[in-house]
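Source file: final_10.cif. Holds: mmCIF, C-alpha atoms and all ligand atoms.
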data_final
#
loop_
_atom_site.group_PDB
_atom_site.id
_atom_site.type_symbol
_atom_site.label_atom_id
_atom_site.label_comp_id
_atom_site.auth_asym_id
_atom_site.auth_seq_id
_atom_site.Cartn_x
_atom_site.Cartn_y
_atom_site.Cartn_z
ATOM 1 C CA MET A 27 13.835 -16.294 16.585
ATOM 2 C CA ALA A 28 13.137 -19.899 17.559
ATOM 3 C CA HIS A 29 11.963 -22.097 14.743
ATOM 4 C CA PRO A 30 8.838 -24.047 15.724
ATOM 5 C CA SER A 31 10.146 -27.230 14.144
ATOM 6 C CA GLY A 32 13.627 -26.951 15.574
ATOM 7 C CA GLN A 33 15.483 -26.786 12.265
ATOM 8 C CA GLN A 34 18.107 -24.618 13.883
ATOM 9 C CA ALA A 35 19.568 -27.699 15.529
ATOM 10 C CA ARG A 36 20.036 -29.259 12.115
ATOM 11 C CA LEU A 37 22.379 -26.562 10.936
ATOM 12 C CA ASP A 38 25.329 -28.372 12.491
ATOM 13 C CA ARG A 39 24.718 -31.578 10.578
ATOM 14 C CA SER A 40 26.330 -32.863 7.426
ATOM 15 C CA PRO A 41 25.554 -31.166 4.100
ATOM 16 C CA LEU A 42 23.338 -34.065 3.067
ATOM 17 C CA SER A 43 21.203 -33.964 6.163
ATOM 18 C CA ARG A 44 21.020 -30.200 5.872
ATOM 19 C CA LEU A 45 19.606 -30.677 2.399
ATOM 20 C CA ALA A 46 17.065 -33.069 3.881
ATOM 21 C CA ALA A 47 16.172 -30.503 6.499
ATOM 22 C CA VAL A 48 15.610 -27.861 3.863
ATOM 23 C CA ALA A 49 13.589 -30.269 1.737
ATOM 24 C CA ALA A 50 11.458 -31.049 4.787
ATOM 25 C CA CYS A 51 11.054 -27.364 5.413
ATOM 26 C CA LEU A 52 9.791 -26.878 1.909
ATOM 27 C CA GLY A 53 6.970 -29.085 3.116
ATOM 28 C CA ARG A 54 3.862 -28.825 1.038
ATOM 29 C CA ALA A 55 5.743 -27.409 -1.940
ATOM 30 C CA SER A 56 6.012 -29.858 -4.784
ATOM 31 C CA SER A 57 9.574 -31.146 -4.530
ATOM 32 C CA SER A 58 9.370 -32.328 -8.140
ATOM 33 C CA ARG A 59 9.423 -28.668 -9.172
ATOM 34 C CA LEU A 60 12.630 -28.010 -7.289
ATOM 35 C CA SER A 61 16.105 -28.900 -8.423
ATOM 36 C CA TRP A 62 18.511 -30.184 -5.810
ATOM 37 C CA LYS A 63 20.750 -27.282 -6.651
ATOM 38 C CA SER A 64 18.053 -24.803 -5.896
ATOM 39 C CA ILE A 65 17.351 -26.541 -2.613
ATOM 40 C CA ALA A 66 21.067 -26.579 -1.793
ATOM 41 C CA ASP A 67 21.352 -22.894 -2.478
ATOM 42 C CA GLY A 68 18.167 -22.110 -0.639
ATOM 43 C CA MET A 69 17.141 -20.370 -3.843
ATOM 44 C CA ASP A 70 13.614 -21.671 -3.822
ATOM 45 C CA ALA A 71 12.922 -20.241 -0.426
ATOM 46 C CA ARG A 72 9.879 -18.526 -1.908
ATOM 47 C CA ARG A 73 8.113 -21.862 -1.655
ATOM 48 C CA CYS A 74 8.970 -22.357 1.977
ATOM 49 C CA PRO A 75 5.721 -22.601 3.959
ATOM 50 C CA GLN A 76 7.330 -21.433 7.170
ATOM 51 C CA PRO A 77 10.328 -19.390 8.222
ATOM 52 C CA HIS A 78 13.502 -21.457 8.021
ATOM 53 C CA LEU A 79 16.636 -20.092 9.570
ATOM 54 C CA ILE A 80 19.398 -19.335 7.076
ATOM 55 C CA TYR A 81 18.056 -21.466 4.233
ATOM 56 C CA CYS A 82 14.534 -20.149 3.985
ATOM 57 C CA ASN A 83 14.475 -16.942 5.900
ATOM 58 C CA MET A 84 11.125 -15.782 4.568
ATOM 59 C CA PRO A 85 8.690 -14.760 7.258
ATOM 60 C CA THR A 86 5.054 -15.765 6.994
ATOM 61 C CA THR A 87 2.707 -13.347 8.701
ATOM 62 C CA LYS A 88 -0.938 -13.952 9.547
ATOM 63 C CA GLY A 89 -3.793 -11.553 9.147
ATOM 64 C CA SER A 90 -7.460 -11.643 10.105
ATOM 65 C CA CYS A 91 -10.603 -9.612 9.590
ATOM 66 C CA HIS A 92 -12.667 -7.753 12.161
ATOM 67 C CA CYS A 93 -15.380 -10.418 12.539
ATOM 68 C CA GLY A 94 -13.044 -13.428 12.451
ATOM 69 C CA GLN A 95 -14.758 -15.118 9.506
ATOM 70 C CA THR A 96 -11.687 -14.818 7.287
ATOM 71 C CA GLU A 97 -7.958 -15.254 7.930
ATOM 72 C CA TRP A 98 -4.937 -15.163 5.642
ATOM 73 C CA GLU A 99 -1.168 -15.567 5.498
ATOM 74 C CA VAL A 100 1.402 -13.579 3.570
ATOM 75 C CA THR A 101 4.987 -14.719 2.953
ATOM 76 C CA THR A 102 7.525 -12.006 2.277
ATOM 77 C CA GLU A 103 11.198 -11.982 1.348
ATOM 78 C CA GLU A 104 12.050 -9.943 4.404
ATOM 79 C CA ALA A 105 10.294 -8.375 7.349
ATOM 80 C CA PRO A 106 7.355 -6.334 6.023
ATOM 81 C CA ALA A 107 7.793 -2.541 5.918
ATOM 82 C CA HIS A 108 4.740 -0.369 5.398
ATOM 83 C CA VAL A 109 4.248 1.808 2.340
ATOM 84 C CA LEU A 110 1.776 4.552 3.189
ATOM 85 C CA CYS A 111 -0.583 5.324 0.313
ATOM 86 C CA HIS A 112 -2.361 8.678 0.447
ATOM 87 C CA CYS A 113 -4.334 8.258 -2.795
ATOM 88 C CA MET A 114 -7.991 9.192 -3.000
ATOM 89 C CA ALA A 115 -9.122 5.582 -3.594
ATOM 90 C CA CYS A 116 -7.383 4.501 -0.382
ATOM 91 C CA LYS A 117 -9.044 7.353 1.505
ATOM 92 C CA LYS A 118 -12.481 6.290 0.269
ATOM 93 C CA LEU A 119 -11.984 2.580 0.783
ATOM 94 C CA SER A 120 -10.460 2.854 4.234
ATOM 95 C CA GLY A 121 -12.100 5.952 5.681
ATOM 96 C CA GLY A 122 -8.647 7.087 6.779
ATOM 97 C CA GLU A 123 -6.059 9.526 5.456
ATOM 98 C CA TYR A 124 -3.827 6.729 4.159
ATOM 99 C CA THR A 125 -3.523 2.945 3.976
ATOM 100 C CA LEU A 126 -0.567 0.726 4.938
ATOM 101 C CA ASN A 127 0.636 -1.631 2.222
ATOM 102 C CA ILE A 128 3.222 -4.109 1.021
ATOM 103 C CA VAL A 129 3.465 -5.583 -2.477
ATOM 104 C CA VAL A 130 3.629 -9.393 -2.494
ATOM 105 C CA PRO A 131 3.509 -12.023 -5.286
ATOM 106 C CA SER A 132 -0.058 -13.312 -5.382
ATOM 107 C CA ASP A 133 1.171 -16.902 -4.902
ATOM 108 C CA ASP A 134 2.467 -15.845 -1.501
ATOM 109 C CA CYS A 135 -0.918 -14.553 -0.318
ATOM 110 C CA LYS A 136 -3.124 -17.355 0.972
ATOM 111 C CA VAL A 137 -6.604 -17.329 2.454
ATOM 112 C CA THR A 138 -6.496 -19.781 5.367
ATOM 113 C CA LYS A 139 -10.063 -19.388 6.654
ATOM 114 C CA GLY A 140 -13.332 -18.472 4.946
ATOM 115 C CA GLU A 141 -13.682 -16.961 1.488
ATOM 116 C CA LEU A 142 -13.201 -13.442 0.222
ATOM 117 C CA SER A 143 -15.608 -11.468 -1.962
ATOM 118 C CA LYS A 144 -14.480 -9.080 -4.707
ATOM 119 C CA TYR A 145 -15.146 -5.500 -5.664
ATOM 120 C CA THR A 146 -13.675 -4.280 -8.985
ATOM 121 C CA TYR A 147 -13.039 -0.734 -10.157
ATOM 122 C CA LYS A 148 -10.932 0.888 -12.883
ATOM 123 C CA GLY A 149 -7.552 2.165 -11.703
ATOM 124 C CA ASP A 150 -5.694 5.207 -13.055
ATOM 125 C CA SER A 151 -4.304 3.031 -15.882
ATOM 126 C CA GLY A 152 -7.819 2.051 -16.987
ATOM 127 C CA ASN A 153 -7.175 -1.525 -15.904
ATOM 128 C CA ASP A 154 -9.175 -3.395 -13.302
ATOM 129 C CA VAL A 155 -8.325 -3.137 -9.633
ATOM 130 C CA ILE A 156 -9.882 -6.050 -7.772
ATOM 131 C CA CYS A 157 -10.395 -5.499 -4.054
ATOM 132 C CA TYR A 158 -10.812 -8.636 -1.960
ATOM 133 C CA TYR A 159 -12.788 -8.348 1.251
ATOM 134 C CA CYS A 160 -14.539 -10.327 3.970
ATOM 135 C CA PRO A 161 -18.179 -10.659 2.861
ATOM 136 C CA ASN A 162 -19.365 -10.274 6.429
ATOM 137 C CA CYS A 163 -17.397 -7.371 7.920
ATOM 138 C CA THR A 164 -15.797 -5.873 4.716
ATOM 139 C CA THR A 165 -12.197 -5.954 6.030
ATOM 140 C CA HIS A 166 -9.993 -5.779 2.959
ATOM 141 C CA PRO A 167 -6.795 -7.909 3.133
ATOM 142 C CA TRP A 168 -5.436 -7.093 -0.330
ATOM 143 C CA HIS A 169 -6.208 -5.767 -3.764
ATOM 144 C CA HIS A 170 -4.972 -6.713 -7.207
ATOM 145 C CA GLN A 171 -3.944 -3.930 -9.551
ATOM 146 C CA THR A 172 -4.092 -6.094 -12.659
ATOM 147 C CA VAL A 173 -1.707 -3.749 -14.501
ATOM 148 C CA GLN A 174 1.005 -4.972 -12.112
ATOM 149 C CA GLY A 175 0.678 -8.643 -13.073
ATOM 150 C CA ASN A 176 0.734 -11.356 -10.436
ATOM 151 C CA LYS A 177 1.256 -9.134 -7.435
ATOM 152 C CA TYR A 178 -1.120 -8.095 -4.713
ATOM 153 C CA VAL A 179 -1.097 -4.924 -2.699
ATOM 154 C CA VAL A 180 -1.549 -6.308 0.811
ATOM 155 C CA ARG A 181 -2.925 -4.184 3.628
ATOM 156 C CA SER A 182 0.062 -4.580 5.914
ATOM 157 C CA GLY A 183 -1.718 -2.883 8.787
ATOM 158 C CA LEU A 184 -3.920 -5.978 9.131
ATOM 159 C CA LEU A 185 -0.968 -8.330 9.680
ATOM 160 C CA GLU A 186 0.080 -9.539 13.099
ATOM 161 C CA GLY A 187 2.844 -7.377 14.517
ATOM 162 C CA ALA A 188 2.046 -4.501 12.157
ATOM 163 C CA SER A 189 2.656 -1.912 14.854
ATOM 164 C CA GLU A 190 6.297 -3.041 14.978
ATOM 165 C CA PHE A 191 6.963 -2.899 11.215
ATOM 166 C CA SER A 192 9.103 -0.078 9.884
ATOM 167 C CA THR A 193 7.930 2.371 7.214
ATOM 168 C CA ALA A 194 9.528 2.041 3.779
ATOM 169 C CA ALA A 195 8.032 4.886 1.765
ATOM 170 C CA GLU A 196 4.972 7.003 1.106
ATOM 171 C CA VAL A 197 3.188 7.259 -2.234
ATOM 172 C CA TYR A 198 0.626 9.725 -3.548
ATOM 173 C CA GLY A 199 2.146 12.378 -1.310
ATOM 174 C CA LYS A 200 0.351 14.962 -3.486
ATOM 175 C CA ASP A 201 -2.883 13.880 -1.788
ATOM 176 C CA ARG A 202 -1.535 13.945 1.770
ATOM 177 C CA TRP A 203 -3.708 16.037 4.067
ATOM 178 C CA SER A 204 -2.008 18.903 5.855
ATOM 179 C CA PHE A 205 -2.334 17.491 9.376
ATOM 180 C CA GLN A 206 -0.559 14.269 8.394
ATOM 181 C CA PRO A 207 3.230 14.346 9.030
ATOM 182 C CA GLN A 208 5.727 12.807 6.636
ATOM 183 C CA VAL A 209 7.252 9.626 8.091
ATOM 184 C CA ALA A 210 9.224 8.185 5.147
ATOM 185 C CA HIS A 211 10.598 9.114 1.731
ATOM 186 C CA THR A 212 7.606 10.369 -0.224
ATOM 187 C CA PHE A 213 6.808 10.026 -3.915
ATOM 188 C CA PRO A 214 4.283 12.539 -5.317
ATOM 189 C CA VAL A 215 2.356 9.761 -7.038
ATOM 190 C CA ALA A 216 3.900 6.300 -7.282
ATOM 191 C CA PRO A 217 7.613 5.493 -7.602
ATOM 192 C CA PRO A 218 8.901 5.306 -11.181
ATOM 193 C CA SER A 219 9.034 1.740 -12.429
HETATM 194 ZN ZN ZN B 1 -14.883 -10.502 8.597
HETATM 195 ZN ZN ZN B 2 -3.839 4.224 -2.449
#
Kindly present the structure from the file in structure tokens form.
Amino acid sequence: MAHPSGQQARLDRSPLSRLAAVAACLGRASSSRLSWKSIADGMDARRCPQPHLIYCNMPTTKGSCHCGQTEWEVTTEEAPAHVLCHCMACKKLSGGEYTLNIVVPSDDCKVTKGELSKYTYKGDSGNDVICYYCPNCTTHPWHHQTVQGNKYVVRSGLLEGASEFSTAAEVYGKDRWSFQPQVAHTFPVAPPS
């Protein structure tokens, strides 16, 4: 994978200039929040705004809605892999048999164009589930199950390259419809946590 900024060429340089390259890669992150050790170890790669070979190998993937009014970016620790959710809420909200999802820290989900509206319902736990959607076309990039803390369930099927992602698991297999084949390890409800 070619890096758009050419950081790969910097990998042959001295340790100090490699540190500088990583610091540059961290870009809009606040460098005051990073220790030099964490930069040296590449440990704060979560803050990297773009994929950085070796040091910050976290891919950022773009998504967009049907009408084009909203766009977003999601940064993940590794290549996204779909989790199929067969629950009844997903069926209602999507109009399909299942949805495709990845779970991502909310800080790593950014709206890059337009603004999202919200729809809130009570999840199985009794806590709020906040669904974010394009106010014009209703495409739904992610939802926030507040019981899970600062993580969003991102609709991975809306991300660029989604047809190439692998499948990691299926959840709510108890609600799978009979015509739908199993494609990954299936949990009857959600995995134990
Ligand atoms: Zn839209
Ligand atoms: Zn679901």
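Between atom CA of Val129 of chain A and atom CA of Thr96 of chain A the separation is 20.3 Å.
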Ligand ZN 1 (chain B) neighbours within 6 Å using all atoms listed in the file, as a list in words:
Cys91, His92, Cys93, Gly94, Gln95, Thr96, Cys160, Asn162, Cys163 and Thr165 of chain A
Which residues, written as a list in words, have at least one atom at most 7 Å from segment 97-104 of chain A, with all atoms listed in the file counted and residues fewer than 4 positions away on the same chain left out?
Met84, Pro85, Thr86, Thr87, Lys88, Gly89, Ser90, Cys91, Val130, Asp134, Cys135, Lys136, Val137, Thr138, Lys139 and Gly140 of chain A
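Selection of all polymer residues within 6 Å of ligand ZN 2 (chain B) on the basis of all atoms listed in the file gives A:Cys111, A:His112, A:Cys113, A:Ala115, A:Cys116.
A straight line drawn from atom CA of Leu110 of chain A to atom CA of Leu185 of chain A is 14.7 Å long.
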